[in-house]
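S.K.: For reference, the file data_1.pdb (PDB, C-alpha atoms and all ligand atoms) is included below:
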```pdb
ATOM      1  CA  MET A   1       0.000   0.000   0.000
ATOM      2  CA  ALA A   2       1.430   3.403  -0.947
ATOM      3  CA  LEU A   3       1.510   5.743   2.010
ATOM      4  CA  SER A   4       1.924   8.899   0.035
ATOM      5  CA  SER A   5      -1.630  10.201   0.167
ATOM      6  CA  PRO A   6      -3.345  11.305   3.388
ATOM      7  CA  PRO A   7      -6.358   8.954   2.982
ATOM      8  CA  ASP A   8      -4.056   5.906   2.972
ATOM      9  CA  MET A   9      -2.267   7.146   6.065
ATOM     10  CA  TYR A  10      -5.622   7.752   7.707
ATOM     11  CA  GLN A  11      -6.871   4.246   6.909
ATOM     12  CA  LEU A  12      -3.738   2.722   8.398
ATOM     13  CA  LEU A  13      -3.882   4.885  11.499
ATOM     14  CA  ARG A  14      -7.585   4.166  11.866
ATOM     15  CA  GLN A  15      -7.036   0.416  11.731
ATOM     16  CA  PHE A  16      -4.371   0.718  14.424
ATOM     17  CA  LEU A  17      -6.436   2.947  16.702
ATOM     18  CA  PHE A  18      -9.481   0.700  16.339
ATOM     19  CA  ILE A  19      -7.556  -2.060  18.141
ATOM     20  CA  PHE A  20      -7.962  -0.080  21.352
ATOM     21  CA  ASP A  21     -10.917   1.000  23.447
ATOM     22  CA  ALA A  22     -12.745   3.951  21.852
ATOM     23  CA  GLU A  23     -12.738   6.182  24.930
ATOM     24  CA  ALA A  24      -9.036   5.564  25.569
ATOM     25  CA  VAL A  25      -8.290   6.466  21.946
ATOM     26  CA  HIS A  26     -10.323   9.672  22.269
ATOM     27  CA  HIS A  27      -8.137  10.826  25.174
ATOM     28  CA  PHE A  28      -4.948   9.551  23.534
ATOM     29  CA  ALA A  29      -5.693  11.434  20.304
ATOM     30  CA  MET A  30      -6.475  14.674  22.122
ATOM     31  CA  HIS A  31      -3.333  14.389  24.245
ATOM     32  CA  CYS A  32      -1.305  13.870  21.046
ATOM     33  CA  LEU A  33      -2.910  16.955  19.509
ATOM     34  CA  GLN A  34      -2.200  18.936  22.680
ATOM     35  CA  PHE A  35       1.410  17.788  22.673
ATOM     36  CA  LEU A  36       1.845  18.804  19.022
ATOM     37  CA  CYS A  37       0.261  22.224  19.611
ATOM     38  CA  ARG A  38       2.472  22.866  22.636
ATOM     39  CA  ALA A  39       5.572  21.563  20.845
ATOM     40  CA  GLY A  40       5.336  24.330  18.269
ATOM     41  CA  PHE A  41       3.185  22.708  15.574
ATOM     42  CA  ARG A  42       0.033  24.715  16.308
ATOM     43  CA  LYS A  43       0.549  27.114  13.394
ATOM     44  CA  ILE A  44       1.079  24.245  10.955
ATOM     45  CA  ILE A  45      -2.029  22.435  12.231
ATOM     46  CA  THR A  46      -4.081  25.627  12.010
ATOM     47  CA  ALA A  47      -2.838  26.313   8.491
ATOM     48  CA  ARG A  48      -3.772  22.753   7.463
ATOM     49  CA  PHE A  49      -7.259  22.649   8.976
ATOM     50  CA  SER A  50      -8.559  26.218   9.319
ATOM     51  CA  ILE A  51     -10.442  27.809   6.486
ATOM     52  CA  ARG A  52     -10.119  31.571   6.257
ATOM     53  CA  GLN A  53     -12.904  33.014   4.156
ATOM     54  CA  ALA A  54     -14.394  36.369   4.894
ATOM     55  CA  GLY A  55     -17.804  35.118   3.724
ATOM     56  CA  LEU A  56     -17.898  32.496   6.471
ATOM     57  CA  SER A  57     -17.370  34.837   9.407
ATOM     58  CA  LYS A  58     -20.332  36.230  11.292
ATOM     59  CA  GLU A  59     -21.132  38.710  14.052
ATOM     60  CA  LEU A  60     -23.734  37.286  16.407
ATOM     61  CA  PHE A  61     -24.685  38.302  19.956
ATOM     62  CA  GLY A  62     -21.869  40.846  19.845
ATOM     63  CA  LEU A  63     -19.335  38.101  19.192
ATOM     64  CA  HIS A  64     -17.178  37.391  16.177
ATOM     65  CA  PHE A  65     -17.373  33.839  14.766
ATOM     66  CA  LYS A  66     -14.623  32.955  12.288
ATOM     67  CA  ASN A  67     -16.846  30.330  10.698
ATOM     68  CA  PRO A  68     -20.241  28.738  11.390
ATOM     69  CA  VAL A  69     -18.971  25.196  12.035
ATOM     70  CA  GLY A  70     -18.986  24.363  15.725
ATOM     71  CA  LEU A  71     -18.393  21.255  17.790
ATOM     72  CA  ALA A  72     -21.440  19.855  19.604
ATOM     73  CA  ALA A  73     -21.570  19.163  23.320
ATOM     74  CA  GLY A  74     -20.177  15.828  24.480
ATOM     75  CA  PHE A  75     -16.754  15.880  22.835
ATOM     76  CA  ASP A  76     -14.986  18.337  25.130
ATOM     77  CA  LYS A  77     -17.065  17.793  28.239
ATOM     78  CA  ASN A  78     -14.658  19.508  30.619
ATOM     79  CA  ALA A  79     -13.329  22.340  28.444
ATOM     80  CA  ARG A  80      -9.892  20.750  28.323
ATOM     81  CA  TRP A  81      -9.202  21.022  24.607
ATOM     82  CA  LEU A  82     -10.403  24.474  23.563
ATOM     83  CA  ASP A  83      -7.118  25.643  22.128
ATOM     84  CA  GLU A  84      -6.547  22.401  20.232
ATOM     85  CA  LEU A  85     -10.085  22.379  18.823
ATOM     86  CA  GLU A  86      -9.673  25.963  17.689
ATOM     87  CA  ALA A  87      -6.476  24.899  15.945
ATOM     88  CA  LEU A  88      -8.511  22.211  14.149
ATOM     89  CA  GLY A  89     -10.638  24.998  12.694
ATOM     90  CA  PHE A  90     -13.864  24.988  14.696
ATOM     91  CA  GLY A  91     -15.644  28.342  14.760
ATOM     92  CA  PHE A  92     -16.926  27.613  18.248
ATOM     93  CA  VAL A  93     -17.026  24.768  20.758
ATOM     94  CA  GLU A  94     -19.966  23.806  22.902
ATOM     95  CA  ILE A  95     -18.542  22.238  26.053
ATOM     96  CA  GLY A  96     -20.349  19.953  28.508
ATOM     97  CA  THR A  97     -22.616  18.607  29.547
ATOM     98  CA  VAL A  98     -21.508  20.044  32.880
ATOM     99  CA  THR A  99     -23.540  19.103  35.951
ATOM    100  CA  PRO A 100     -23.670  21.117  39.189
ATOM    101  CA  LYS A 101     -21.567  18.472  40.960
ATOM    102  CA  PRO A 102     -18.810  16.286  39.452
ATOM    103  CA  GLN A 103     -19.904  12.815  38.428
ATOM    104  CA  ALA A 104     -18.045   9.731  37.222
ATOM    105  CA  GLY A 105     -20.607   8.617  34.657
ATOM    106  CA  ASN A 106     -21.381   4.998  33.754
ATOM    107  CA  ASP A 107     -19.025   2.069  34.157
ATOM    108  CA  LYS A 108     -16.633   1.397  31.259
ATOM    109  CA  PRO A 109     -16.833   0.372  28.492
ATOM    110  CA  ARG A 110     -19.405   3.017  27.637
ATOM    111  CA  LEU A 111     -18.394   4.174  24.140
ATOM    112  CA  PHE A 112     -18.987   1.732  21.283
ATOM    113  CA  ARG A 113     -17.915   1.855  17.638
ATOM    114  CA  LEU A 114     -20.253   0.814  14.848
ATOM    115  CA  PRO A 115     -17.704   0.673  12.009
ATOM    116  CA  GLN A 116     -20.160  -0.439   9.327
ATOM    117  CA  ASP A 117     -22.435   2.474  10.111
ATOM    118  CA  LYS A 118     -19.501   4.879  10.573
ATOM    119  CA  ALA A 119     -21.061   5.749  13.890
ATOM    120  CA  LEU A 120     -20.590   5.608  17.649
ATOM    121  CA  ILE A 121     -22.976   4.817  20.460
ATOM    122  CA  ASN A 122     -22.163   6.614  23.666
ATOM    123  CA  ARG A 123     -23.543   5.766  27.068
ATOM    124  CA  MET A 124     -21.121   7.914  28.995
ATOM    125  CA  GLY A 125     -23.596   8.918  31.691
ATOM    126  CA  PHE A 126     -22.578  12.588  31.741
ATOM    127  CA  ASN A 127     -19.153  12.095  33.277
ATOM    128  CA  ASN A 128     -17.727  15.532  34.013
ATOM    129  CA  ASP A 129     -15.656  17.557  36.474
ATOM    130  CA  GLY A 130     -18.604  19.603  37.755
ATOM    131  CA  VAL A 131     -19.403  23.248  37.294
ATOM    132  CA  LYS A 132     -16.939  24.695  39.835
ATOM    133  CA  VAL A 133     -13.884  23.073  38.263
ATOM    134  CA  VAL A 134     -14.981  23.744  34.691
ATOM    135  CA  ALA A 135     -15.889  27.386  35.363
ATOM    136  CA  GLU A 136     -12.481  27.921  37.002
ATOM    137  CA  ARG A 137     -10.771  26.254  34.035
ATOM    138  CA  LEU A 138     -12.566  28.610  31.685
ATOM    139  CA  ARG A 139     -11.605  31.626  33.775
ATOM    140  CA  GLN A 140      -7.957  30.619  33.584
ATOM    141  CA  GLU A 141      -8.073  30.213  29.804
ATOM    142  CA  ASN A 142      -6.301  33.008  28.058
ATOM    143  CA  LEU A 143      -9.221  33.829  25.803
ATOM    144  CA  SER A 144      -9.696  36.864  23.695
ATOM    145  CA  PRO A 145     -12.956  38.457  24.864
ATOM    146  CA  ARG A 146     -14.126  38.676  21.248
ATOM    147  CA  VAL A 147     -13.637  34.988  20.478
ATOM    148  CA  PRO A 148     -16.667  32.880  21.415
ATOM    149  CA  ARG A 149     -14.957  29.584  21.960
ATOM    150  CA  THR A 150     -17.428  28.075  24.346
ATOM    151  CA  ALA A 151     -20.955  27.941  25.495
ATOM    152  CA  LEU A 152     -21.237  26.263  28.861
ATOM    153  CA  ARG A 153     -24.265  24.112  29.444
ATOM    154  CA  PHE A 154     -25.587  23.483  32.898
ATOM    155  CA  CYS A 155     -28.058  20.635  33.239
ATOM    156  CA  SER A 156     -29.480  19.359  36.476
ATOM    157  CA  ARG A 157     -28.688  15.688  37.047
ATOM    158  CA  GLU A 158     -32.293  14.793  37.529
ATOM    159  CA  LYS A 159     -33.620  16.597  34.470
ATOM    160  CA  ARG A 160     -30.770  16.135  32.049
ATOM    161  CA  PHE A 161     -32.636  16.890  28.892
ATOM    162  CA  SER A 162     -35.293  19.240  30.186
ATOM    163  CA  ARG A 163     -35.025  22.449  28.250
ATOM    164  CA  GLN A 164     -36.831  24.294  31.032
ATOM    165  CA  SER A 165     -34.271  23.243  33.645
ATOM    166  CA  GLY A 166     -31.217  23.911  31.468
ATOM    167  CA  LYS A 167     -29.429  27.229  31.504
ATOM    168  CA  VAL A 168     -27.029  28.340  28.872
ATOM    169  CA  ARG A 169     -24.312  30.785  29.726
ATOM    170  CA  THR A 170     -21.812  32.029  27.241
ATOM    171  CA  MET A 171     -18.142  32.450  27.871
ATOM    172  CA  MET A 172     -18.718  36.159  27.992
ATOM    173  CA  GLU A 173     -20.988  35.832  31.010
ATOM    174  CA  LEU A 174     -18.476  33.602  32.799
ATOM    175  CA  ARG A 175     -15.750  36.152  32.334
ATOM    176  CA  LYS A 176     -17.673  38.848  34.244
TER     177      LYS A 176
HETATM  178  C1  LIG B 201     -27.966  20.611  26.267
HETATM  179  C2  LIG B 201     -27.251  19.538  25.512
HETATM  180  C3  LIG B 201     -26.267  18.831  26.166
HETATM  181  C4  LIG B 201     -25.621  17.779  25.520
HETATM  182  N1  LIG B 201     -24.673  17.062  26.178
HETATM  183  C5  LIG B 201     -24.114  15.997  25.587
HETATM  184  C6  LIG B 201     -23.170  15.193  26.271
HETATM  185  O1  LIG B 201     -22.781  15.445  27.403
HETATM  186  N2  LIG B 201     -22.688  14.104  25.639
HETATM  187  C7  LIG B 201     -23.059  13.787  24.355
HETATM  188  O2  LIG B 201     -22.588  12.799  23.835
HETATM  189  N3  LIG B 201     -23.929  14.550  23.682
HETATM  190  C8  LIG B 201     -24.469  15.637  24.268
HETATM  191  N4  LIG B 201     -25.384  16.385  23.599
HETATM  192  C9  LIG B 201     -25.739  15.980  22.228
HETATM  193  C10 LIG B 201     -24.744  16.445  21.189
HETATM  194  O3  LIG B 201     -24.285  17.756  21.448
HETATM  195  C11 LIG B 201     -25.365  16.458  19.808
HETATM  196  O4  LIG B 201     -26.466  17.292  19.824
HETATM  197  C12 LIG B 201     -25.768  15.080  19.411
HETATM  198  O5  LIG B 201     -24.606  14.305  19.338
HETATM  199  C13 LIG B 201     -26.510  15.086  18.068
HETATM  200  O6  LIG B 201     -25.693  15.589  17.090
HETATM  201  P1  LIG B 201     -26.308  15.979  15.690
HETATM  202  O7  LIG B 201     -27.334  17.028  15.995
HETATM  203  O8  LIG B 201     -25.163  16.529  14.901
HETATM  204  O9  LIG B 201     -26.892  14.737  15.123
HETATM  205  C14 LIG B 201     -25.986  17.449  24.207
HETATM  206  C15 LIG B 201     -26.932  18.205  23.526
HETATM  207  C16 LIG B 201     -27.565  19.221  24.165
HETATM  208  C17 LIG B 201     -28.612  19.987  23.419
END
```
Before anything else, please render the file you have as structure tokens.
M.R.:
Amino acid sequence: MALSSPPDMYQLLRQFLFIFDAEAVHHFAMHCLQFLCRAGFRKIITARFSIRQAGLSKELFGLHFKNPVGLAAGFDKNARWLDELEALGFGFVEIGTVTPKPQAGNDKPRLFRLPQDKALINRMGFNNDGVKVVAERLRQENLSPRVPRTALRFCSREKRFSRQSGKVRTMMELRK
């Protein structure tokens, strides 16, 4: 197999990563990305994955979005990877779900690949560090006040999907 083109490399890497537990690979991959960004490759990664087109940017709620493609809640539950996800080109990142108190979530394994469907089933059980820790992490982030990287979702444990019980606060509110 020729390894010259990115799709071939991806297929090979994918086959290797699929040997291991899906959740472990998620954390491994994000730690690798973090290492690369901190080791001086952030600009190269950004240049490879970010699309700069004036037509894609938007002003909404007094915030500037570089592009309209965001990452849904559930991937970066604890706001640990904001810088890395920005480097991958996301216009915004929705963190969480964050519950009022930290919780461990369901027993592992709790993330399952469905390769034929190119899909995942997750039964994570809302594992997260809790609102105090996550809010403090966000405060310590060196964020430009004009860049809307995150929206923090608070859901009560008992009414996880109740829209009435959920509050949404933007990064801007947390910074006050
Ligand atoms: C308030 C809210 C909180 C969410 N929290 C999580 C979460 O913690 N884990 C998760 O896997 N998906 C979570 N989701 C669902 C995903 O963000 C996303 O909506 C879902 O994967 C469906 O994606 P799709 O709309 O692109 O099909 C949440 C969605 C909402 C609206």
S.K.: Given the file shown, enumerate the residues that the PyMOL selection byres (((chain A and resi 85) around 10) and not hetatm) captures and present them as a ChimeraX atom specification.
M.R.: /A:30,33-34,46,70-71,76,80-84,86-93,149
S.K.: Which of these, A:Lys101, A:Arg123, A:His31, A:Lys118, has the shortest distance to Ala135 in chain A once you count all atoms listed in the file?
M.R.: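 Ranking A:Lys101, A:Arg123, A:His31, A:Lys118 by distance to Ala135 in chain A, first place goes to A:Lys101.
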S.K.: When you count all atoms listed in the file, which of these residues is closest to ligand LIG 201 (chain B): A:Gln103, A:Ser57, A:Asn122, A:Asn78?
M.R.: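 Closest residue, counting all atoms listed in the file: A:Asn122.
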S.K.: Let me make sure I understand: among A:Pro100, A:Gly74, A:Gly130, A:Gly125, which one has the smallest atom-to-atom distance to ligand LIG 201 (chain B) if we use only C-alpha atoms and all ligand atoms?
M.R.: A:Gly74
S.K.: So how far away is CA of Glu141 in chain A from CA of His64 in chain A, in Å?
M.R.: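 Distance reported for this atom pair: 17.9 Å.
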S.K.: Each side padded by 4 Å, which centre and which edge lengths in Å (one decimal) define the axis-aligned box around the listed atoms of ligand LIG 201 (chain B)? Give them as JSON.
M.R.:
```
{"center_x": -25.6, "center_y": 16.7, "center_z": 21.2, "size_x": 14.0, "size_y": 15.8, "size_z": 20.5}
```
S.K.: Here is a test: counting only C-alpha atoms, which residue of A:His26, A:Lys58, A:Arg110, A:Arg52 is nearest to Phe126 in chain A?
M.R.: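 The shortest atom-to-atom distance to Phe126 in chain A comes from A:Arg110.
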S.K.: For ligand LIG 201 (chain B), which of A:Gln11, A:Asn127, A:Asn67, A:Thr97 is the closest residue, counting all atoms listed in the file?
M.R.: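 Among the listed residues, the smallest separation from ligand LIG 201 (chain B) belongs to A:Thr97.
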S.K.: What gap, in Å, lies between CA of Leu111 in chain A and CA of Val131 in chain A?
M.R.: 23.2 Å
S.K.: Between A:Lys77, A:Lys66, A:Arg113, A:Arg38, which has the minimum distance to Leu17 in chain A (counting only C-alpha atoms)?
M.R.: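 Distance minimum relative to Leu17 in chain A lands on A:Arg113.
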S.K.: Could you tell me how far CA of Leu63 in chain A lies from atom C12 of ligand LIG 201 (chain B), in Å and to one decimal?
M.R.: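 That distance, rounded to one decimal, is 23.9 Å.
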S.K.: Would you kindly translate the PyMOL selection byres (((chain A and resi 21) around 12) and not hetatm) into the concrete residues it picks from this file, as a PDB file with C-alpha atoms, in the coordinates of the input?
M.R.:
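Below is the file expr38.pdb, written as the result:
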```
ATOM      1  CA  PHE A  16      -4.371   0.718  14.424  1.00  0.00           C
ATOM      2  CA  LEU A  17      -6.436   2.947  16.702  1.00  0.00           C
ATOM      3  CA  PHE A  18      -9.481   0.700  16.339  1.00  0.00           C
ATOM      4  CA  ILE A  19      -7.556  -2.060  18.141  1.00  0.00           C
ATOM      5  CA  PHE A  20      -7.962  -0.080  21.352  1.00  0.00           C
ATOM      6  CA  ALA A  22     -12.745   3.951  21.852  1.00  0.00           C
ATOM      7  CA  GLU A  23     -12.738   6.182  24.930  1.00  0.00           C
ATOM      8  CA  ALA A  24      -9.036   5.564  25.569  1.00  0.00           C
ATOM      9  CA  VAL A  25      -8.290   6.466  21.946  1.00  0.00           C
ATOM     10  CA  HIS A  26     -10.323   9.672  22.269  1.00  0.00           C
ATOM     11  CA  HIS A  27      -8.137  10.826  25.174  1.00  0.00           C
ATOM     12  CA  PHE A  28      -4.948   9.551  23.534  1.00  0.00           C
ATOM     13  CA  LYS A 108     -16.633   1.397  31.259  1.00  0.00           C
ATOM     14  CA  PRO A 109     -16.833   0.372  28.492  1.00  0.00           C
ATOM     15  CA  ARG A 110     -19.405   3.017  27.637  1.00  0.00           C
ATOM     16  CA  LEU A 111     -18.394   4.174  24.140  1.00  0.00           C
ATOM     17  CA  PHE A 112     -18.987   1.732  21.283  1.00  0.00           C
ATOM     18  CA  ARG A 113     -17.915   1.855  17.638  1.00  0.00           C
TER      19      ARG A 113
END
```
